[in-house]
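Peer 1: As input, take input_20.cif (mmCIF, C-alpha atoms):
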data_model
loop_
_atom_site.label_atom_id
_atom_site.label_comp_id
_atom_site.auth_asym_id
_atom_site.auth_seq_id
_atom_site.Cartn_x
_atom_site.Cartn_y
_atom_site.Cartn_z
CA ILE A 85 114.90 92.13 99.05
CA THR A 86 113.13 95.31 97.93
CA ALA A 87 109.97 93.38 97.00
CA VAL A 88 109.96 91.61 100.38
CA LEU A 89 110.30 94.92 102.24
CA GLN A 90 107.57 96.52 100.13
CA ARG A 91 105.18 93.61 100.89
CA PHE A 92 106.08 93.83 104.60
CA HIS A 93 105.41 97.60 104.64
CA ALA A 94 102.10 97.24 102.74
CA SER A 95 100.92 94.37 104.96
CA LEU A 96 101.59 96.28 108.18
CA ALA A 97 99.97 99.43 106.77
CA GLU A 98 96.83 97.46 105.86
CA LEU A 99 96.75 95.86 109.33
CA GLN A 100 96.92 99.31 110.92
CA ARG A 101 94.13 100.63 108.68
CA ARG A 102 91.94 97.67 109.73
CA PHE A 103 92.77 98.30 113.38
CA LEU A 104 91.89 101.99 112.99
CA ARG A 105 88.45 100.90 111.74
CA VAL A 106 87.95 99.03 115.02
CA ILE A 107 89.10 102.09 116.97
CA ALA A 108 86.73 104.33 114.97
CA THR A 109 83.80 102.07 115.81
CA GLY A 110 84.77 102.16 119.50
CA LEU A 111 84.91 105.96 119.37
CA ARG A 112 81.39 106.03 117.88
CA VAL A 113 82.38 107.48 114.52
CA HIS A 114 82.00 105.89 111.08
CA ALA A 115 84.18 102.79 110.70
CA ASN A 116 85.95 104.40 107.73
CA PHE A 117 86.66 107.68 109.58
CA PHE A 118 90.44 107.15 109.57
CA ASP A 119 90.67 105.97 105.94
CA ALA A 120 90.98 109.49 104.52
CA VAL A 121 93.15 110.57 107.47
CA VAL A 122 95.87 108.01 106.63
CA ARG A 123 95.44 107.78 102.85
CA ASP A 124 98.73 108.91 101.28
CA ALA A 125 100.04 109.73 104.76
CA PRO A 126 103.72 109.46 105.70
CA THR A 127 103.55 105.94 107.16
CA LEU A 128 107.10 105.05 108.18
CA THR A 129 108.60 101.59 108.58
CA ARG A 130 111.83 101.76 110.53
CA ALA A 131 114.44 99.18 111.51
CA ILE A 132 115.89 100.00 114.91
CA HIS A 133 119.17 98.41 115.94
CA TYR A 134 120.04 98.32 119.62
CA PRO A 135 123.77 97.47 119.72
CA PRO A 136 125.29 94.60 121.68
CA MET A 137 126.93 95.49 124.97
CA ALA A 138 130.70 95.38 125.45
CA ALA A 139 129.98 94.09 128.95
CA ALA A 140 126.82 92.58 130.36
CA PRO A 141 124.55 95.42 131.51
CA GLY A 142 123.26 95.73 135.03
CA ALA A 143 119.61 96.08 135.90
CA GLY A 144 117.94 99.10 134.38
CA HIS A 145 120.14 99.69 131.31
CA GLN A 146 117.90 101.43 128.79
CA TRP A 147 118.39 101.38 125.05
CA ALA A 148 115.41 103.75 124.66
CA ALA A 149 114.02 105.90 127.47
CA ALA A 150 110.32 106.00 128.32
CA HIS A 151 108.27 107.77 125.65
CA GLY A 152 104.99 107.88 123.80
CA ASP A 153 105.01 107.80 119.99
CA ILE A 154 103.71 110.97 118.31
CA ASN A 155 101.64 109.21 115.62
CA LEU A 156 98.19 107.56 115.66
CA ILE A 157 99.28 103.95 116.20
CA THR A 158 102.46 101.90 115.89
CA ALA A 159 102.74 98.26 114.81
CA LEU A 160 105.53 96.34 116.54
CA PRO A 161 106.20 92.84 115.19
CA ARG A 162 108.25 90.48 117.33
CA ALA A 163 111.84 91.72 117.75
CA THR A 164 114.96 89.55 117.69
CA ALA A 165 115.38 89.84 121.48
CA PRO A 166 113.31 90.89 124.49
CA GLY A 167 113.50 94.39 125.91
CA LEU A 168 110.24 96.20 125.06
CA GLN A 169 108.32 97.22 128.16
CA VAL A 170 105.01 99.04 128.44
CA LEU A 171 103.77 101.11 131.35
CA VAL A 172 100.65 99.53 132.86
CA GLU A 173 99.10 101.13 135.95
CA GLY A 174 102.44 102.59 137.03
CA ALA A 175 104.52 99.43 136.53
CA TRP A 176 106.77 98.37 133.63
CA VAL A 177 105.60 95.13 132.03
CA ASP A 178 107.57 93.08 129.49
CA ALA A 179 105.84 93.08 126.09
CA VAL A 180 106.69 90.42 123.52
CA ALA A 181 104.56 89.95 120.42
CA PRO A 182 103.46 86.32 120.06
CA GLU A 183 105.06 84.50 117.12
CA GLY A 184 103.51 85.75 113.88
CA GLN A 185 101.62 88.55 115.66
CA VAL A 186 102.20 92.26 116.31
CA ILE A 187 101.69 94.62 119.20
CA ILE A 188 99.67 97.73 118.35
CA ASN A 189 100.57 100.77 120.45
CA SER A 190 98.51 103.95 120.63
CA GLY A 191 100.18 107.30 120.01
CA LEU A 192 99.87 110.92 121.10
CA MET A 193 97.85 111.97 118.03
CA LEU A 194 95.22 109.31 118.76
CA GLU A 195 95.14 110.46 122.39
CA ARG A 196 94.38 113.99 121.16
CA LEU A 197 91.63 112.84 118.73
CA SER A 198 90.01 110.66 121.41
CA ASN A 199 90.16 113.47 124.00
CA GLY A 200 92.33 111.23 126.18
CA ARG A 201 89.99 108.22 126.11
CA ILE A 202 92.74 106.27 124.33
CA PRO A 203 95.93 107.37 126.06
CA SER A 204 99.30 107.13 124.41
CA GLY A 205 101.01 103.84 125.22
CA TRP A 206 104.16 104.77 127.14
CA HIS A 207 106.99 102.33 126.54
CA ARG A 208 110.74 101.90 126.75
CA VAL A 209 113.37 99.39 125.62
CA VAL A 210 115.70 97.90 128.22
CA ALA A 211 118.63 95.53 127.84
CA PRO A 212 117.94 92.34 129.79
CA GLU A 213 120.23 92.11 132.79
CA GLY A 214 123.24 89.92 132.08
CA SER A 215 122.72 89.73 128.31
CA ARG A 216 125.35 91.01 125.92
CA GLY A 217 123.52 90.60 122.64
CA GLY A 218 121.91 93.30 120.56
CA ARG A 219 118.34 93.70 119.47
CA LEU A 220 116.72 94.44 116.11
CA SER A 221 113.18 95.70 115.92
CA VAL A 222 111.26 96.72 112.81
CA VAL A 223 108.29 98.95 113.58
CA GLN A 224 105.76 100.87 111.53
CA PHE A 225 104.46 104.29 112.55
CA CYS A 226 101.00 105.17 111.19
CA HIS A 227 100.78 108.94 110.83
CA PRO A 228 97.87 111.02 109.58
CA THR A 229 98.39 113.31 106.61
CA PRO A 230 100.20 116.48 107.75
CA SER A 231 97.11 118.62 107.01
CA THR A 232 94.90 116.59 109.37
CA VAL A 233 93.33 118.73 112.07
CA LEU A 234 93.79 116.94 115.38
CA SER A 235 90.78 118.05 117.38
CA PRO A 236 88.90 115.84 119.83
CA LEU A 237 86.06 113.99 118.15
CA SER A 238 82.64 115.22 119.24
CA SER A 239 81.76 111.66 120.31
CA CYS A 240 84.58 111.87 122.88
CA VAL A 241 83.51 115.17 124.43
CA ASP A 242 80.59 115.52 126.83
CA GLY A 243 79.66 116.99 130.20
CA GLU A 244 81.72 114.41 132.09
CA ASN A 245 84.64 114.61 129.64
CA PRO A 246 85.15 118.24 128.60
CA GLN A 247 87.43 118.97 125.67
CA ARG A 248 91.05 118.61 126.85
CA TYR A 249 92.89 119.56 123.67
CA ALA A 250 92.74 122.50 121.27
CA ALA A 251 92.78 121.83 117.53
CA LEU A 252 96.26 121.39 116.09
CA LEU A 253 97.54 120.39 112.66
CA ALA A 254 99.28 117.02 112.60
CA SER A 255 102.33 118.66 111.03
CA ASP A 256 102.52 121.16 113.92
CA ALA A 257 102.15 118.39 116.51
CA LEU A 258 105.02 116.46 114.91
CA GLU A 259 107.21 119.55 114.66
CA ASP A 260 106.56 120.38 118.32
CA VAL A 261 107.68 116.93 119.47
CA LEU A 262 110.77 117.01 117.24
CA TYR A 263 111.65 120.43 118.65
CA ARG A 264 111.21 119.27 122.26
CA ILE A 265 113.52 116.28 121.74
CA ASN A 266 116.14 118.49 120.08
CA LEU A 267 115.77 117.14 116.55
CA LEU A 268 114.87 120.58 115.17
CA PRO A 269 116.82 123.80 115.60
CA GLY A 270 115.48 126.35 118.13
#
If you took the structure in this file and wrote it as structure tokens, what would it be?

Peer 2:
Amino acid sequence: ITAVLQRFHASLAELQRRFLRVIATGLRVHANFFDAVVRDAPTLTRAIHYPPMAAAPGAGHQWAAAHGDINLITALPRATAPGLQVLVEGAWVDAVAPEGQVIINSGLMLERLSNGRIPSGWHRVVAPEGSRGGRLSVVQFCHPTPSTVLSPLSSCVDGENPQRYAALLASDALEDVLYRINLLPG
């Protein structure tokens, strides 16, 4: 099992690195811009278990409240049950990865680097009304190295789009979010 999980982790990490090259090109920086940013970074693959319900939930039961991920991007392969929703133009839309595919979600650190041109993908996980089953999702969070300076790229700042964010270390950005969601002591 360890070898399978290691291959899974490495495959998703490589997919995210390739996707970051596409993003870099779109942001008008060198295609390999993110390579050094994520090399030896704390990329995290996490299995998330949403427990079955003792009774069928009503409409609106949330396993995970609305949030944006702190990292650069997140890869979300197809889960064992529906429930992922993304916020699109003010409305929640069901998001299910096609068989054999993944959803790539943008995070708060990428929003900062792109000066807001690539906003964080807000999402939540809801239990389908009337279902009693659980849900298992395995996701991979692509973080930059902690020493990365998150400052808007010059290609994303101009007269029409003034700089929205001050420079911040990736480690400080992560610590701030963990503090705000009560995962670090005050």

Peer 1: Just say which residues the PyMOL selection byres ((chain A and resi 251) around 9) picks in this file, as a PyMOL selection string.

Peer 2: chain A and resi 196+233-236+249-250+252-253

Peer 1: What does the structure give for the distance between atom CA of A:Leu99 and atom CA of A:Gln247, in Å to one decimal?

Peer 2: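 Separation of atom CA of A:Leu99 and atom CA of A:Gln247: 29.8 Å.
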
Peer 1: Once the PyMOL selection byres ((chain A and resi 230) around 8) is applied to the coordinates I shared, what remains selected? I want it as a PyMOL selection string.

Peer 2: chain A and resi 125+228-229+231-232+253-255

Peer 1: Write out as a tab-separated table a residue-level contact list of stretch 128-204 of chain A versus stretch 215-223 of chain A with cut-off 10 Å: for each qualifying residue the closest pair of atoms and the distance in Å to one decimal, counting all atoms listed in the file, rows sorted by chain and residue number upward.

Peer 2:
residue	atom	partner	partner_atom	distance
A:Leu128	CA	A:Val223	CA	8.2
A:Thr129	CA	A:Val223	CA	5.7
A:Arg130	CA	A:Val223	CA	5.5
A:Ala131	CA	A:Val222	CA	4.2
A:Ile132	CA	A:Ser221	CA	5.2
A:His133	CA	A:Leu220	CA	4.7
A:Tyr134	CA	A:Arg219	CA	4.9
A:Pro135	CA	A:Gly218	CA	4.6
A:Pro136	CA	A:Gly218	CA	3.8
A:Met137	CA	A:Arg216	CA	4.8
A:Ala138	CA	A:Arg216	CA	6.9
A:Ala139	CA	A:Arg216	CA	6.3
A:Ala140	CA	A:Arg216	CA	4.9
A:Pro141	CA	A:Ser215	CA	6.8
A:Gly142	CA	A:Ser215	CA	9.0
A:Trp147	CA	A:Arg219	CA	9.5
A:Thr158	CA	A:Val223	CA	6.9
A:Ala159	CA	A:Val223	CA	5.7
A:Leu160	CA	A:Val223	CA	4.8
A:Pro161	CA	A:Val223	CA	6.7
A:Arg162	CA	A:Ser221	CA	7.3
A:Ala163	CA	A:Ser221	CA	4.6
A:Thr164	CA	A:Leu220	CA	5.4
A:Ala165	CA	A:Arg219	CA	5.3
A:Pro166	CA	A:Arg219	CA	7.6
A:Gly167	CA	A:Arg219	CA	8.1
A:Leu168	CA	A:Ser221	CA	9.6
A:Val186	CA	A:Val223	CA	9.4
A:Ile187	CA	A:Val223	CA	9.7
A:Ile188	CA	A:Val223	CA	9.9

Peer 1: Taking (105.9, 109.6, 120.0) in the coordinates of the supplied file, I want to know which residues reach to within 9 Å of it, counting all atoms listed in the file; could you give the answer as a PyMOL selection string?

Peer 2: chain A and resi 151-155+191-193+204+206+258+261

Peer 1: So how many Å separate atom CA of A:Val241 and atom CA of A:Phe117, to one decimal?

Peer 2: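 Distance between the two atoms: 16.9 Å.
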
Peer 1: Tell me which of A:Asp260, A:Gln90, A:Ile157, A:His145 sits closest to A:Leu194, counting only C-alpha atoms.

Peer 2: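 Of A:Asp260, A:Gln90, A:Ile157, A:His145, the one nearest A:Leu194, counting only C-alpha atoms, is A:Ile157.
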
Peer 1: Atom CA of A:Leu237 and atom CA of A:Gly205 are how many Å apart?

Peer 2: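 Computing it gives 19.4 Å between the two atoms.
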
Peer 1: Need to verify the contact set: stretch 111-116 of chain A, 10 Å, only C-alpha atoms, exclusion of same-chain residues closer than 2 positions in sequence. Can you return it as an mmCIF file with C-alpha atoms, in the coordinates of the input?

Peer 2:
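Below is the file result_32.cif, written as the result:
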data_model
loop_
_atom_site.group_PDB
_atom_site.id
_atom_site.type_symbol
_atom_site.label_atom_id
_atom_site.label_comp_id
_atom_site.auth_asym_id
_atom_site.auth_seq_id
_atom_site.Cartn_x
_atom_site.Cartn_y
_atom_site.Cartn_z
ATOM 1 C CA ARG A 101 94.130 100.630 108.680
ATOM 2 C CA ARG A 102 91.940 97.670 109.730
ATOM 3 C CA LEU A 104 91.890 101.990 112.990
ATOM 4 C CA ARG A 105 88.450 100.900 111.740
ATOM 5 C CA VAL A 106 87.950 99.030 115.020
ATOM 6 C CA ILE A 107 89.100 102.090 116.970
ATOM 7 C CA ALA A 108 86.730 104.330 114.970
ATOM 8 C CA THR A 109 83.800 102.070 115.810
ATOM 9 C CA PHE A 118 90.440 107.150 109.570
ATOM 10 C CA ASP A 119 90.670 105.970 105.940
ATOM 11 C CA ALA A 120 90.980 109.490 104.520
ATOM 12 C CA VAL A 121 93.150 110.570 107.470
ATOM 13 C CA LEU A 197 91.630 112.840 118.730
ATOM 14 C CA SER A 198 90.010 110.660 121.410
ATOM 15 C CA ARG A 201 89.990 108.220 126.110
ATOM 16 C CA ILE A 202 92.740 106.270 124.330
ATOM 17 C CA LEU A 237 86.060 113.990 118.150
ATOM 18 C CA SER A 238 82.640 115.220 119.240
ATOM 19 C CA SER A 239 81.760 111.660 120.310
ATOM 20 C CA CYS A 240 84.580 111.870 122.880
#

Peer 1: I'd like to know which of A:Leu89, A:Glu173, A:Gly243, A:Thr127 is closest to A:Phe225, using only C-alpha atoms.

Peer 2: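 With only C-alpha atoms as the atom set, the closest residue is A:Thr127.
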
Peer 1: Just the residues within 10 Å of A:Val172, please, counting only C-alpha atoms, with nothing from its chain fewer than 3 positions along; format it as a PyMOL selection string.

Peer 2: chain A and resi 169+175-177+205-207

Peer 1: Which residue gives the smallest distance to A:Gln100 among A:Glu195, A:His227, A:Ile85, A:Pro212, with all atoms listed in the file counted?

Peer 2: A:His227

Peer 1: My list of candidates is A:Gly184, A:Val210, A:Val122, A:Glu98. Which is closest to A:Ala150 when distances are computed with all atoms listed in the file?

Peer 2: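 Of A:Gly184, A:Val210, A:Val122, A:Glu98, the one nearest A:Ala150, counting all atoms listed in the file, is A:Val210.
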
Peer 1: Generate the missing atoms of stretch 223-234 of chain A up to all heavy atoms and report them as a PDB file, in the coordinates of the input.

Peer 2:
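Full text of out.pdb as output:
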ATOM      1  N   VAL A 223     109.591  98.435 113.174  1.00  0.00           N
ATOM      2  CA  VAL A 223     108.290  98.950 113.580  1.00  0.00           C
ATOM      3  C   VAL A 223     107.710  99.827 112.469  1.00  0.00           C
ATOM      4  O   VAL A 223     108.438 100.320 111.610  1.00  0.00           O
ATOM      5  CB  VAL A 223     108.380  99.767 114.890  1.00  0.00           C
ATOM      6  CG1 VAL A 223     108.915  98.904 116.024  1.00  0.00           C
ATOM      7  CG2 VAL A 223     109.263 100.995 114.722  1.00  0.00           C
ATOM      8  N   GLN A 224     106.402 100.001 112.502  1.00  0.00           N
ATOM      9  CA  GLN A 224     105.760 100.870 111.530  1.00  0.00           C
ATOM     10  C   GLN A 224     104.901 101.894 112.257  1.00  0.00           C
ATOM     11  O   GLN A 224     104.048 101.545 113.061  1.00  0.00           O
ATOM     12  CB  GLN A 224     104.902 100.101 110.547  1.00  0.00           C
ATOM     13  CG  GLN A 224     104.389 100.988 109.411  1.00  0.00           C
ATOM     14  CD  GLN A 224     103.605 100.209 108.397  1.00  0.00           C
ATOM     15  OE1 GLN A 224     102.422  99.978 108.598  1.00  0.00           O
ATOM     16  NE2 GLN A 224     104.265  99.798 107.309  1.00  0.00           N
ATOM     17  N   PHE A 225     105.169 103.167 111.952  1.00  0.00           N
ATOM     18  CA  PHE A 225     104.460 104.290 112.550  1.00  0.00           C
ATOM     19  C   PHE A 225     103.376 104.758 111.596  1.00  0.00           C
ATOM     20  O   PHE A 225     103.681 105.144 110.461  1.00  0.00           O
ATOM     21  CB  PHE A 225     105.431 105.442 112.841  1.00  0.00           C
ATOM     22  CG  PHE A 225     106.569 105.050 113.737  1.00  0.00           C
ATOM     23  CD1 PHE A 225     107.802 104.716 113.205  1.00  0.00           C
ATOM     24  CD2 PHE A 225     106.408 105.018 115.115  1.00  0.00           C
ATOM     25  CE1 PHE A 225     108.868 104.362 114.021  1.00  0.00           C
ATOM     26  CE2 PHE A 225     107.463 104.667 115.944  1.00  0.00           C
ATOM     27  CZ  PHE A 225     108.691 104.342 115.403  1.00  0.00           C
ATOM     28  N   CYS A 226     102.133 104.742 112.018  1.00  0.00           N
ATOM     29  CA  CYS A 226     101.000 105.170 111.190  1.00  0.00           C
ATOM     30  C   CYS A 226     100.664 106.618 111.542  1.00  0.00           C
ATOM     31  O   CYS A 226     100.113 106.900 112.604  1.00  0.00           O
ATOM     32  CB  CYS A 226      99.806 104.260 111.449  1.00  0.00           C
ATOM     33  SG  CYS A 226      98.366 104.652 110.444  1.00  0.00           S
ATOM     34  N   HIS A 227     101.029 107.513 110.649  1.00  0.00           N
ATOM     35  CA  HIS A 227     100.780 108.940 110.830  1.00  0.00           C
ATOM     36  C   HIS A 227      99.570 109.369 110.012  1.00  0.00           C
ATOM     37  O   HIS A 227      99.279 108.785 108.970  1.00  0.00           O
ATOM     38  CB  HIS A 227     101.986 109.757 110.335  1.00  0.00           C
ATOM     39  CG  HIS A 227     103.154 109.720 111.246  1.00  0.00           C
ATOM     40  ND1 HIS A 227     103.317 110.614 112.268  1.00  0.00           N
ATOM     41  CD2 HIS A 227     104.218 108.887 111.299  1.00  0.00           C
ATOM     42  CE1 HIS A 227     104.437 110.353 112.912  1.00  0.00           C
ATOM     43  NE2 HIS A 227     105.008 109.306 112.349  1.00  0.00           N
ATOM     44  N   PRO A 228      98.890 110.418 110.443  1.00  0.00           N
ATOM     45  CA  PRO A 228      97.870 111.020 109.580  1.00  0.00           C
ATOM     46  C   PRO A 228      98.555 111.914 108.552  1.00  0.00           C
ATOM     47  O   PRO A 228      99.741 112.232 108.687  1.00  0.00           O
ATOM     48  CB  PRO A 228      97.044 111.865 110.562  1.00  0.00           C
ATOM     49  CG  PRO A 228      98.020 112.253 111.625  1.00  0.00           C
ATOM     50  CD  PRO A 228      98.974 111.074 111.748  1.00  0.00           C
ATOM     51  N   THR A 229      97.817 112.338 107.543  1.00  0.00           N
ATOM     52  CA  THR A 229      98.390 113.310 106.610  1.00  0.00           C
ATOM     53  C   THR A 229      98.737 114.570 107.399  1.00  0.00           C
ATOM     54  O   THR A 229      98.072 114.887 108.390  1.00  0.00           O
ATOM     55  CB  THR A 229      97.398 113.655 105.479  1.00  0.00           C
ATOM     56  OG1 THR A 229      96.200 114.154 106.065  1.00  0.00           O
ATOM     57  CG2 THR A 229      97.098 112.456 104.613  1.00  0.00           C
ATOM     58  N   PRO A 230      99.782 115.284 107.002  1.00  0.00           N
ATOM     59  CA  PRO A 230     100.200 116.480 107.750  1.00  0.00           C
ATOM     60  C   PRO A 230      99.112 117.533 107.899  1.00  0.00           C
ATOM     61  O   PRO A 230      99.096 118.276 108.874  1.00  0.00           O
ATOM     62  CB  PRO A 230     101.379 117.013 106.929  1.00  0.00           C
ATOM     63  CG  PRO A 230     101.924 115.808 106.222  1.00  0.00           C
ATOM     64  CD  PRO A 230     100.710 114.974 105.911  1.00  0.00           C
ATOM     65  N   SER A 231      98.163 117.601 106.956  1.00  0.00           N
ATOM     66  CA  SER A 231      97.110 118.620 107.010  1.00  0.00           C
ATOM     67  C   SER A 231      95.925 118.211 107.891  1.00  0.00           C
ATOM     68  O   SER A 231      94.968 118.982 108.028  1.00  0.00           O
ATOM     69  CB  SER A 231      96.616 118.934 105.603  1.00  0.00           C
ATOM     70  OG  SER A 231      96.067 117.764 105.016  1.00  0.00           O
ATOM     71  N   THR A 232      95.975 117.042 108.496  1.00  0.00           N
ATOM     72  CA  THR A 232      94.900 116.590 109.370  1.00  0.00           C
ATOM     73  C   THR A 232      94.783 117.503 110.582  1.00  0.00           C
ATOM     74  O   THR A 232      95.781 117.783 111.253  1.00  0.00           O
ATOM     75  CB  THR A 232      95.136 115.133 109.835  1.00  0.00           C
ATOM     76  OG1 THR A 232      95.182 114.283 108.689  1.00  0.00           O
ATOM     77  CG2 THR A 232      94.044 114.665 110.784  1.00  0.00           C
ATOM     78  N   VAL A 233      93.571 117.932 110.875  1.00  0.00           N
ATOM     79  CA  VAL A 233      93.330 118.730 112.070  1.00  0.00           C
ATOM     80  C   VAL A 233      93.063 117.762 113.221  1.00  0.00           C
ATOM     81  O   VAL A 233      92.106 116.990 113.186  1.00  0.00           O
ATOM     82  CB  VAL A 233      92.131 119.696 111.886  1.00  0.00           C
ATOM     83  CG1 VAL A 233      91.852 120.450 113.185  1.00  0.00           C
ATOM     84  CG2 VAL A 233      92.406 120.652 110.737  1.00  0.00           C
ATOM     85  N   LEU A 234      93.923 117.802 114.211  1.00  0.00           N
ATOM     86  CA  LEU A 234      93.790 116.940 115.380  1.00  0.00           C
ATOM     87  C   LEU A 234      92.978 117.696 116.430  1.00  0.00           C
ATOM     88  O   LEU A 234      93.508 118.481 117.205  1.00  0.00           O
ATOM     89  CB  LEU A 234      95.163 116.571 115.930  1.00  0.00           C
ATOM     90  CG  LEU A 234      96.105 115.850 114.975  1.00  0.00           C
ATOM     91  CD1 LEU A 234      97.488 115.714 115.588  1.00  0.00           C
ATOM     92  CD2 LEU A 234      95.535 114.498 114.588  1.00  0.00           C
TER      93      LEU A 234
END
